[in-house]
Structures are given as C-alpha cells and as structure tokens.
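Trainee: Here you go, query_19.csv (CSV, C-alpha atoms):
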```csv
chain,number,residue,atom,x,y,z
M,1,MET,CA,115.9,38.5,71.2
M,2,GLU,CA,118.0,39.6,74.2
M,3,ALA,CA,118.8,43.1,75.1
M,4,GLY,CA,122.5,42.7,74.4
M,5,GLU,CA,121.8,41.6,70.9
M,6,VAL,CA,119.5,44.5,70.3
M,7,VAL,CA,122.1,46.9,71.6
M,8,GLN,CA,124.8,45.3,69.4
M,9,GLU,CA,122.5,45.5,66.4
M,10,LEU,CA,121.8,49.2,67.0
M,11,LEU,CA,125.4,50.0,67.6
M,12,ASN,CA,126.8,48.1,64.7
M,13,ALA,CA,124.2,49.3,62.2
M,14,ASP,CA,125.6,51.4,59.4
M,15,LYS,CA,124.8,55.0,60.3
M,16,THR,CA,126.3,56.5,57.2
M,17,ALA,CA,123.9,58.6,55.2
M,18,ILE,CA,126.3,60.3,52.8
M,19,ALA,CA,129.7,58.9,52.2
M,20,ILE,CA,132.5,61.5,51.7
M,21,ASP,CA,136.0,60.4,50.8
M,22,PRO,CA,138.4,63.4,50.5
M,23,GLY,CA,141.3,61.1,49.8
M,24,PHE,CA,143.0,61.5,53.2
M,25,GLY,CA,142.3,60.5,56.8
M,26,PRO,CA,140.7,57.2,58.1
M,27,ALA,CA,138.1,55.6,56.0
M,28,GLY,CA,134.6,56.9,56.7
M,29,PHE,CA,135.8,59.6,59.0
M,30,PHE,CA,134.3,62.4,56.9
M,31,ASN,CA,131.0,60.5,56.3
M,32,ILE,CA,127.8,62.3,57.1
M,33,ASN,CA,125.8,60.1,59.5
M,34,GLN,CA,122.0,59.6,59.5
M,35,SER,CA,121.8,61.6,62.7
M,36,VAL,CA,123.2,64.7,60.9
M,37,VAL,CA,120.6,64.3,58.2
M,38,VAL,CA,117.9,63.9,60.8
M,39,SER,CA,119.2,67.0,62.6
M,40,TRP,CA,119.0,68.9,59.2
M,41,GLY,CA,115.4,67.8,59.0
M,42,VAL,CA,114.8,69.0,62.6
M,43,MET,CA,116.6,72.3,61.8
M,44,ILE,CA,114.6,72.9,58.6
M,45,PHE,CA,111.4,72.2,60.5
M,46,LEU,CA,112.4,74.5,63.4
M,47,MET,CA,113.5,77.3,61.0
M,48,LEU,CA,110.3,77.1,58.9
M,49,LEU,CA,108.2,77.0,62.1
M,50,THR,CA,110.1,80.1,63.3
M,51,LEU,CA,109.6,82.0,60.1
M,52,ILE,CA,105.9,81.1,60.0
M,53,MET,CA,105.3,81.9,63.7
M,54,THR,CA,107.2,85.2,63.7
M,55,ALA,CA,106.0,86.6,60.4
M,56,GLY,CA,104.2,90.0,60.6
M,57,MET,CA,104.8,90.5,64.3
M,58,ARG,CA,103.2,93.6,65.7
M,59,VAL,CA,103.4,95.5,68.9
M,60,ASN,CA,99.7,95.9,69.3
M,61,ASN,CA,96.6,93.9,68.2
M,62,ILE,CA,98.7,90.7,68.0
M,63,SER,CA,97.4,87.5,66.4
M,64,LYS,CA,96.9,84.2,68.1
M,65,ARG,CA,100.0,82.9,66.3
M,66,GLN,CA,102.1,85.7,67.7
M,67,LEU,CA,100.6,85.2,71.1
M,68,ILE,CA,101.6,81.5,71.0
M,69,ILE,CA,105.2,82.2,69.9
M,70,GLU,CA,105.7,85.1,72.4
M,71,THR,CA,104.3,83.0,75.3
M,72,ALA,CA,106.5,80.0,74.2
M,73,VAL,CA,109.7,82.1,74.1
M,74,ILE,CA,108.9,83.9,77.4
M,75,LYS,CA,108.1,80.6,79.2
M,76,LEU,CA,111.2,78.9,77.7
M,77,LYS,CA,113.4,81.8,78.7
M,78,SER,CA,111.9,81.7,82.2
M,79,LEU,CA,112.5,77.9,82.4
M,80,VAL,CA,116.1,78.2,81.3
M,81,GLY,CA,116.7,81.5,83.2
M,82,ASN,CA,115.8,79.9,86.5
M,83,GLY,CA,118.7,77.4,86.1
M,84,LEU,CA,121.2,79.9,84.8
M,85,GLY,CA,120.5,82.7,87.3
M,86,GLU,CA,120.9,86.4,86.7
M,87,GLU,CA,124.7,86.4,86.4
M,88,ALA,CA,124.7,84.0,83.5
M,89,ALA,CA,121.5,85.3,81.8
M,90,GLU,CA,123.5,86.1,78.6
M,91,TYR,CA,123.8,82.4,77.8
M,92,THR,CA,120.0,81.9,77.9
M,93,GLN,CA,119.7,81.9,74.1
M,94,TRP,CA,122.3,79.2,73.6
M,95,ILE,CA,120.6,76.9,76.2
M,96,MET,CA,117.2,77.6,74.6
M,97,THR,CA,118.6,76.6,71.2
M,98,VAL,CA,120.0,73.4,72.6
M,99,LEU,CA,116.8,72.6,74.4
M,100,LEU,CA,114.7,73.1,71.2
M,101,PHE,CA,117.1,71.2,69.1
M,102,LEU,CA,117.4,68.3,71.6
M,103,GLY,CA,113.7,68.2,72.3
M,104,PHE,CA,112.6,68.1,68.7
M,105,SER,CA,115.5,65.6,67.8
M,106,ASN,CA,114.2,63.3,70.5
M,107,LEU,CA,110.7,63.7,69.2
M,108,ALA,CA,111.8,62.5,65.8
M,109,GLY,CA,110.9,59.0,66.8
M,110,LEU,CA,107.2,60.0,66.7
M,111,VAL,CA,107.4,60.4,62.9
M,112,GLY,CA,109.3,57.1,62.4
M,113,LEU,CA,112.8,58.6,62.2
M,114,VAL,CA,115.7,57.5,64.3
M,115,PRO,CA,116.4,60.2,67.0
M,116,ALA,CA,119.5,62.2,66.2
M,117,THR,CA,120.6,61.6,69.9
M,118,MET,CA,120.8,57.9,69.2
M,119,ASP,CA,124.2,58.7,67.6
M,120,LEU,CA,127.1,59.3,69.9
M,121,ASN,CA,128.4,62.0,67.6
M,122,THR,CA,125.3,64.1,68.3
M,123,THR,CA,125.4,63.8,72.0
M,124,ALA,CA,129.2,64.3,72.1
M,125,ALA,CA,128.8,67.4,69.9
M,126,LEU,CA,126.2,68.8,72.3
M,127,ALA,CA,128.3,68.0,75.3
M,128,ILE,CA,131.5,69.4,73.9
M,129,SER,CA,129.8,72.6,72.8
M,130,SER,CA,128.2,73.0,76.2
M,131,ILE,CA,131.4,72.4,78.1
M,132,VAL,CA,133.3,74.8,75.8
M,133,LEU,CA,130.6,77.4,76.6
M,134,VAL,CA,131.1,76.7,80.3
M,135,GLN,CA,134.8,77.4,80.0
M,136,ILE,CA,134.2,80.5,77.9
M,137,ALA,CA,131.7,81.8,80.6
M,138,SER,CA,134.2,81.1,83.3
M,139,ILE,CA,137.1,82.9,81.5
M,140,ARG,CA,134.9,85.9,80.6
M,141,ARG,CA,133.8,86.1,84.2
M,142,LYS,CA,137.1,85.5,86.1
M,143,GLY,CA,139.7,86.5,83.5
M,144,ALA,CA,142.4,84.1,82.3
M,145,GLY,CA,144.3,84.3,85.6
M,146,GLY,CA,141.2,83.8,87.7
M,147,TYR,CA,140.1,80.9,85.5
M,148,PHE,CA,143.3,79.0,86.0
M,149,LYS,CA,143.5,79.8,89.7
M,150,SER,CA,139.9,78.5,90.1
M,151,PHE,CA,141.3,75.0,89.4
M,152,ALA,CA,143.1,75.1,92.7
M,153,LYS,CA,140.1,76.2,94.7
M,154,PRO,CA,138.9,75.7,97.4
M,155,ILE,CA,142.2,73.9,98.2
M,156,ALA,CA,145.2,73.2,95.9
M,157,VAL,CA,145.0,69.4,96.7
M,158,ILE,CA,142.0,69.0,94.5
M,159,LEU,CA,143.7,70.5,91.4
M,160,PRO,CA,144.0,67.1,89.6
M,161,MET,CA,140.3,66.4,90.3
M,162,ASN,CA,139.3,69.8,88.9
M,163,ILE,CA,141.3,69.2,85.8
M,164,LEU,CA,139.8,65.7,85.4
M,165,GLU,CA,136.4,67.3,85.8
M,166,LEU,CA,137.0,69.1,82.5
M,167,GLY,CA,136.7,65.8,80.8
M,168,ILE,CA,134.3,64.1,83.1
M,169,LYS,CA,131.6,66.7,82.8
M,170,PRO,CA,131.1,66.6,79.0
M,171,LEU,CA,131.6,62.8,79.1
M,172,SER,CA,128.8,62.4,81.7
M,173,LEU,CA,126.5,64.8,79.8
M,174,CYS,CA,127.2,62.9,76.6
M,175,MET,CA,126.8,59.4,77.9
M,176,ARG,CA,123.8,60.2,80.0
M,177,LEU,CA,121.9,61.5,77.1
M,178,PHE,CA,123.1,58.8,74.7
M,179,GLY,CA,122.5,56.0,77.2
M,180,ASN,CA,119.0,57.1,78.0
M,181,ILE,CA,117.9,57.4,74.4
M,182,LEU,CA,119.6,54.2,73.5
M,183,ALA,CA,118.0,52.4,76.4
M,184,ALA,CA,114.6,53.7,75.4
M,185,THR,CA,115.1,52.5,71.9
M,186,VAL,CA,116.2,49.1,73.1
M,187,ILE,CA,113.2,48.7,75.3
M,188,MET,CA,110.9,49.7,72.5
M,189,GLU,CA,112.6,47.3,70.1
M,190,MET,CA,112.2,44.4,72.6
M,191,LEU,CA,108.6,45.4,73.3
M,192,LYS,CA,107.8,45.3,69.6
M,193,THR,CA,109.3,41.8,69.5
M,194,VAL,CA,107.4,40.5,72.5
M,195,VAL,CA,104.0,42.3,72.0
M,196,PRO,CA,103.9,43.7,68.5
M,197,VAL,CA,100.4,45.2,68.9
M,198,PHE,CA,99.0,48.0,71.1
M,199,LEU,CA,101.6,48.0,73.9
M,200,PRO,CA,104.4,49.6,71.8
M,201,ALA,CA,102.1,52.4,71.0
M,202,VAL,CA,101.3,53.1,74.6
M,203,PHE,CA,105.0,52.9,75.6
M,204,SER,CA,106.0,55.1,72.7
M,205,ILE,CA,104.1,57.9,74.3
M,206,TYR,CA,106.4,57.7,77.3
M,207,PHE,CA,109.7,56.9,75.6
M,208,ASP,CA,109.4,59.1,72.5
M,209,LEU,CA,107.4,62.0,74.0
M,210,PHE,CA,107.9,62.2,77.7
M,211,ASP,CA,111.3,60.7,78.1
M,212,GLY,CA,112.7,62.5,75.1
M,213,LEU,CA,111.7,65.9,76.4
M,214,LEU,CA,112.7,65.0,79.9
M,215,GLN,CA,116.2,64.1,78.7
M,216,ALA,CA,116.5,67.3,76.8
M,217,TYR,CA,115.5,69.3,79.9
M,218,VAL,CA,118.0,67.3,82.1
M,219,PHE,CA,120.8,68.0,79.6
M,220,CYS,CA,120.0,71.7,79.5
M,221,PHE,CA,119.5,72.0,83.2
M,222,LEU,CA,122.9,70.4,83.9
M,223,THR,CA,124.6,72.7,81.4
M,224,SER,CA,122.9,75.7,83.0
M,225,LEU,CA,124.1,74.5,86.4
M,226,TYR,CA,127.7,74.2,85.1
M,227,ILE,CA,127.6,77.7,83.6
M,228,ARG,CA,126.1,79.1,86.8
M,229,GLU,CA,128.8,77.4,88.8
M,230,ALA,CA,131.5,78.8,86.5
M,231,VAL,CA,130.3,82.4,86.7
M,232,GLU,CA,129.7,82.5,90.5
A,1,MET,CA,130.6,49.8,67.9
A,2,LEU,CA,130.8,53.2,69.4
A,3,SER,CA,132.8,55.5,67.1
A,4,VAL,CA,133.2,59.2,66.6
A,5,ASN,CA,133.7,60.9,63.3
A,6,MET,CA,133.3,64.3,61.6
A,7,SER,CA,129.6,64.0,62.2
A,8,MET,CA,130.3,65.5,65.6
A,9,VAL,CA,131.8,68.6,64.0
A,10,TYR,CA,128.9,68.8,61.5
A,11,THR,CA,126.5,68.6,64.4
A,12,ILE,CA,128.3,71.5,66.2
A,13,ILE,CA,128.2,73.5,62.9
A,14,ASN,CA,124.5,72.7,62.7
A,15,LEU,CA,123.9,73.9,66.2
A,16,LEU,CA,125.8,77.1,65.6
A,17,ILE,CA,123.8,77.7,62.4
A,18,LEU,CA,120.6,77.1,64.3
A,19,PHE,CA,121.7,79.3,67.2
A,20,PHE,CA,122.4,82.2,64.9
A,21,PHE,CA,119.2,81.7,63.0
A,22,PHE,CA,117.2,81.7,66.3
A,23,LYS,CA,119.1,84.7,67.5
A,24,LYS,CA,118.1,86.7,64.5
A,25,PHE,CA,114.7,85.4,63.6
A,26,LEU,CA,113.2,84.0,66.8
A,27,PHE,CA,114.7,85.6,69.9
A,28,GLY,CA,115.6,88.8,68.0
A,29,ARG,CA,112.2,89.3,66.7
A,30,VAL,CA,110.3,88.4,69.8
A,31,ASP,CA,112.7,90.4,72.0
A,32,LYS,CA,112.4,93.4,69.7
A,33,ILE,CA,108.6,93.3,69.9
A,34,LEU,CA,108.7,92.9,73.7
A,35,LYS,CA,111.1,95.7,74.0
A,36,GLU,CA,109.0,98.0,71.8
A,37,ARG,CA,105.9,97.1,73.8
A,38,LYS,CA,107.7,97.8,77.0
A,39,GLU,CA,108.8,101.1,75.7
A,40,GLN,CA,105.3,101.9,74.6
A,41,ILE,CA,103.9,101.0,78.0
A,42,GLU,CA,106.7,103.0,79.7
A,43,GLY,CA,105.9,105.9,77.4
A,44,ALA,CA,102.2,105.7,78.2
A,45,ASN,CA,103.0,105.4,81.9
A,46,LYS,CA,105.3,108.5,81.6
A,47,VAL,CA,102.5,110.4,79.9
A,48,LEU,CA,100.1,109.2,82.5
A,49,ASP,CA,102.4,110.2,85.3
A,50,GLU,CA,102.8,113.7,83.7
A,51,GLU,CA,99.0,114.0,83.4
A,52,ILE,CA,98.6,112.9,87.1
A,53,ALA,CA,101.3,115.5,88.1
A,54,LYS,CA,99.4,118.2,86.1
A,55,ALA,CA,96.1,117.2,87.6
A,56,LYS,CA,97.6,117.3,91.1
A,57,GLN,CA,99.1,120.7,90.4
A,58,GLN,CA,95.7,121.9,89.1
A,59,ARG,CA,94.0,120.5,92.1
A,60,GLU,CA,96.4,122.2,94.4
A,61,SER,CA,95.9,125.4,92.5
A,62,TYR,CA,92.1,125.0,92.8
A,63,GLU,CA,92.3,124.2,96.5
A,64,THR,CA,94.4,127.3,97.0
A,65,GLN,CA,91.8,129.4,95.1
A,66,VAL,CA,89.0,127.8,97.1
A,67,GLN,CA,90.8,128.5,100.3
A,68,GLU,CA,91.4,132.2,99.3
A,69,LEU,CA,87.7,132.4,98.3
A,70,GLU,CA,86.7,130.9,101.6
A,71,ALA,CA,88.9,133.4,103.4
A,72,GLN,CA,87.4,136.2,101.4
A,73,LYS,CA,83.9,135.0,102.1
A,74,GLU,CA,84.7,134.8,105.9
A,75,ALA,CA,86.2,138.3,105.8
A,76,SER,CA,83.2,139.7,103.9
A,77,LEU,CA,80.8,137.9,106.2
A,78,ALA,CA,82.6,139.2,109.3
A,79,GLU,CA,82.6,142.7,107.8
A,80,TRP,CA,78.9,142.7,106.9
A,81,ARG,CA,78.1,141.1,110.2
A,82,GLY,CA,79.9,143.9,112.0
A,83,ARG,CA,78.2,146.5,109.8
A,84,GLY,CA,74.8,144.8,110.5
A,85,PHE,CA,75.5,144.8,114.2
A,86,GLU,CA,76.4,148.5,114.1
A,87,GLU,CA,73.3,149.3,112.1
A,88,TYR,CA,71.2,147.3,114.5
A,89,ASN,CA,72.7,149.1,117.5
A,90,ARG,CA,72.2,152.5,115.8
A,91,ILE,CA,68.5,151.7,114.9
A,92,VAL,CA,67.9,150.4,118.5
A,93,GLU,CA,69.6,153.5,120.0
A,94,GLU,CA,67.5,155.8,117.7
A,95,ALA,CA,64.4,154.0,118.6
A,96,ARG,CA,65.2,154.2,122.3
A,97,VAL,CA,65.9,157.9,122.0
A,98,GLU,CA,62.8,158.4,120.0
A,99,ALA,CA,60.7,156.4,122.5
A,100,GLY,CA,62.2,158.5,125.4
A,101,ARG,CA,61.4,161.7,123.5
A,102,ILE,CA,57.8,160.5,122.9
A,103,ILE,CA,57.4,159.5,126.5
A,104,ALA,CA,58.8,162.8,127.7
A,105,ASP,CA,56.5,164.7,125.3
A,106,ALA,CA,53.6,162.6,126.5
A,107,ARG,CA,54.4,163.3,130.1
A,108,LYS,CA,54.8,167.0,129.3
A,109,ASP,CA,51.5,167.1,127.5
A,110,ALA,CA,49.8,165.2,130.3
A,111,ALA,CA,51.2,167.7,132.8
A,112,THR,CA,50.1,170.6,130.8
A,113,GLU,CA,46.6,169.2,130.4
A,114,ALA,CA,46.5,168.5,134.1
A,115,GLN,CA,47.6,172.0,134.8
A,116,VAL,CA,44.9,173.4,132.5
A,117,LEU,CA,42.3,171.2,134.2
A,118,ARG,CA,43.4,172.3,137.6
A,119,ASP,CA,43.3,176.0,136.5
A,120,LYS,CA,39.9,175.4,135.1
A,121,ASN,CA,38.7,173.8,138.3
A,122,HIS,CA,40.1,176.7,140.4
A,123,GLU,CA,38.2,179.1,138.2
A,124,GLU,CA,35.0,177.1,138.5
A,125,LEU,CA,35.6,176.8,142.3
A,126,LYS,CA,36.1,180.5,142.5
A,127,GLU,CA,32.9,181.2,140.6
A,128,MET,CA,31.0,178.7,142.8
A,129,VAL,CA,32.4,180.3,145.9
A,130,ILE,CA,31.4,183.7,144.6
A,131,ASP,CA,28.0,182.4,143.7
A,132,ALA,CA,27.6,180.8,147.1
A,133,ALA,CA,28.6,184.0,148.8
A,134,ALA,CA,26.2,185.9,146.7
A,135,HIS,CA,23.4,183.5,147.6
A,136,ILE,CA,24.2,183.6,151.3
A,137,SER,CA,24.3,187.4,151.3
A,138,MET,CA,21.0,187.8,149.3
A,139,LYS,CA,19.0,185.2,151.2
A,140,THR,CA,18.0,185.1,154.9
A,141,ALA,CA,18.3,181.7,155.9
A,142,ASP,CA,18.0,179.6,159.0
A,143,LYS,CA,20.5,177.4,160.5
A,144,GLU,CA,19.3,174.3,158.7
A,145,SER,CA,19.1,175.8,155.2
A,146,ASP,CA,22.6,177.1,155.7
A,147,SER,CA,23.9,173.7,156.5
A,148,ALA,CA,22.1,172.2,153.5
A,149,LEU,CA,23.6,174.9,151.3
A,150,TYR,CA,27.1,174.2,152.6
A,151,ASP,CA,26.7,170.4,152.0
A,152,GLU,CA,25.6,171.0,148.4
A,153,PHE,CA,28.5,173.3,147.9
A,154,ILE,CA,31.0,170.7,149.2
A,155,LYS,CA,29.4,168.0,147.1
A,156,ASP,CA,29.7,170.0,143.9
A,157,LEU,CA,33.3,170.8,144.8
A,158,LEU,CA,34.2,167.2,145.3
A,159,ALA,CA,32.5,166.2,142.0
A,160,SER,CA,34.4,168.9,140.1
A,161,GLU,CA,37.7,167.6,141.8
A,162,GLU,CA,37.0,164.1,140.6
A,163,GLU,CA,36.3,165.2,137.1
A,164,ALA,CA,39.5,167.2,137.0
A,165,SER,CA,41.7,164.3,138.1
```
Can you dump the structure from the file as structure tokens?

Mentor:
Amino acid sequence: MEAGEVVQELLNADKTAIAIDPGFGPAGFFNINQSVVVSWGVMIFLMLLTLIMTAGMRVNNISKRQLIIETAVIKLKSLVGNGLGEEAAEYTQWIMTVLLFLGFSNLAGLVGLVPATMDLNTTAALAISSIVLVQIASIRRKGAGGYFKSFAKPIAVILPMNILELGIKPLSLCMRLFGNILAATVIMEMLKTVVPVFLPAVFSIYFDLFDGLLQAYVFCFLTSLYIREAVE
Amino acid sequence: MLSVNMSMVYTIINLLILFFFFKKFLFGRVDKILKERKEQIEGANKVLDEEIAKAKQQRESYETQVQELEAQKEASLAEWRGRGFEEYNRIVEEARVEAGRIIADARKDAATEAQVLRDKNHEELKEMVIDAAAHISMKTADKESDSALYDEFIKDLLASEEEAS
C-alpha cells in the first residue's frame, strides 16, 4: 500500500459519530464527528482527573496527590509563562488548557482511539480560537484605534501582508498540527502493513507519545509567541 | 476529502467548557491554595520581623543599661580609688608624723639620759677630786708616790668618762 492511498483512505473515511439533521443547511453539516466524541472522552478524563487530584486540598500538611498536582500546575504555568512573557501573563490559563487538551488528545492513540487532532475540524477550531485570542489581546492592549493602526506598522506598504497574516497564521497553525498528526498516522499505518510485529510498538512510542506531546507544545508555543507579539 | 463542518464549533465549545472548568476547579483551587500559603508565609515573616525588631529593641535597651552600669561602675571605682588614695595618704602622713614624734621623743630621752649621766659623772669626779685632795693633804708622800697617785686618779677619771658615754 502506498502513502497516497493511506492518506486517501484516512481522509475519505466517514468521520461521523452522531448524525444530526435539523432540516436545513448542507447534508451532514451539523453532524458530530468522531473527533468531537474523542474530545469529550478526553475532557471527561481530564475533568475527573482534576476533581480527584484537587479534592481536599490543604494549605499545610499536603498529600502526595496535592503535591503532584501543585507541582504540575506550577511547572506548566512556568513553561507557558516563559513563552507569553509578563505582559501577556493573563492568557496563561487558556494556553495551559489548550496544551492539556491537545496533549491528551494526541495521546489518545495510545489507548487505541483515533487522535482528535486527526480531524481538520479540531485543529481548525484550536487555530481559530487561538487567533481570536491573539486579536482580543491586541485590541485590549492597544485599543481599537491602535489595533487597526498596527496593521500599517512598521510601514504602510506592508498593510496588505499584515491583513493576509490574519488568515495565514491560523491556517499555518491548523495545517501544521493536522499535517504532523496525519503524517504520523500514515507512517504508523504503513509500518503496520510492512512489519506488523514489534516495530509498530517501538515507533508508536515516538509517534503517539513523543511526537504528540511535541506537536501540542509547538502549537501552544507559537500561539504564545503570537499573543506576546500582539501585546508588545 | 478535507471538509469542515459544525464539529469545529462543537470543539470550540468543548474547549471553552474545559477552560472554564479548569479555571474553577484546577487553576482556581491550586492558585487559591498557593495564595493562602503565600499569605501564611508572609504573615509568619511579618510576625518574625516584628519579633526581630522587638528583640533588637530589647538588645539596644540592654546595651544602654549595660553601658550605664559600666559608667556607674567606672564612676564608683574612680570615687573609691580616690577615697582609698586619700586614706592611704592620710595614714602615711599620720605614720610619718608619729614616727617623727617618736624619733624626737627618743632623741629627747637620749639627751636627757646623757645629761643625767654627765651630771652623775661630774658629781663622781668632784667626789674623787675631793677624795684625792683629802688623801694628798693627810699623807706625806714622796715624789714617786704622788705621781702614782695622779696616774691612778686619771685612770679612774677616764674609765668613768667611758662608762658615761
């Protein structure tokens, strides 16, 4: 089986999990994709984990569970905060949420599920929400006038390019994430066809674990940079 | 085929739900605990700073007291040293005066005794001269016996002079 065939097979596969027909709009437009269902699973897992880990938190004489969750939150905040900088520190929680969601969504492959990020809808949703946040941060920082003026900076000639960037940035974020996860899945599928035993397990460690977390970090890092750029 | 549908919107809604859940139950709880702990530590630090300030104040107070006591001690020592020196001088002066008086008395006594001895010797000498004159007048003597008599007289006189001195 060639790579192109695998890609075609993955892209053409029916992704619908729950069909919704409200009686208007294009057919299948309101359907709930498998990626949404997987993201529900990820959300439920994260929510339960949060409730378990943060139950009965105390100021003194803390449990190991509390120590783990406090350390994790502090480290994550530090990791995200470094990219955002002090001026954009108020957006740390959103980036942390995206990082956790993306990270665990990409890890879904470890338990036999199709990663939510294999669906363009998921990556597009993440990219659009991130870019909307970047614009909100910029408007809050510079004001509406300053925001529109910033398109003509540093010189008025690059105004069209700055406007184009509004679409290019989310598209690049979206496609980079989607492409990487798709490529990893394609490689894994081909590997399973060529060497069905042992080798896929070894490569799964890289593609499902390391690459998934790496892509989540890259996405959040780039979003942080965009926000930082917008508020500076 | 790449296609986008309402799943994108559902995902955004999911993300928002997750964000608000984390904001309340994860970041909110952890931040609250960290804030309370920070306040507790700051409170403890404040109390500690106050205690340190109090201790410093007390130390300064004690140091001032110690300095005052040292000054008092030095003043007392100087006073008593002065008094001791005066007493020493007084005793030495009294002793010197007493010694002078004793020496003067002793000299006076010695002079009186010497005078008495001299008077006594004169009396004895007079008696001897009278005795010698009586002997010479009662006895007829030759030239040699007279000389012997005079020698004996002079000898007795010298002996009595030596005893007197």

Trainee: Nearest to chain A: which of M:Leu107, M:Ile18, M:Ala125, M:Leu67 is it, counting all atoms listed in the file?

Mentor: M:Ala125

Trainee: For chain M against chain A, which residues fall within 8 Å using all atoms listed in the file, given as a VMD selection string?

Mentor: chain M and resid 8 11 to 12 28 to 33 36 39 to 40 43 47 50 to 51 54 57 to 60 70 73 93 to 94 97 to 98 101 120 to 122 124 to 126 129

Trainee: Expressed in Å to a single decimal, how great is the separation between CA of Glu74 in chain A and CA of Glu93 in chain A?

Mentor: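 Atom-to-atom, CA of Glu74 in chain A to CA of Glu93 in chain A, that is 27.9 Å.
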
Trainee: Rounded to one decimal, what separation in Å do you get between CA of Gln72 in chain A and CA of Tyr88 in chain A?

Mentor: 23.6 Å

Trainee: From the options M:Met118, M:Cys220, M:Cys174, M:Ala230, which residue's atoms come nearest to Ile95 in chain M, counting all atoms listed in the file?

Mentor: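 Comparing M:Met118, M:Cys220, M:Cys174, M:Ala230 against Ile95 in chain M, the winner is M:Cys220.
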
Trainee: Which protein, DNA or RNA residues have an atom at most 6 Å from (132.1, 81.1, 83.1), counting all atoms listed in the file? List them as a list in words.

Mentor: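 Using all atoms listed in the file, the matching residues come out as Val134, Gln135, Ile136, Ala137, Ser138, Ile139, Arg141, Ile227, Ala230 and Val231 of chain M.
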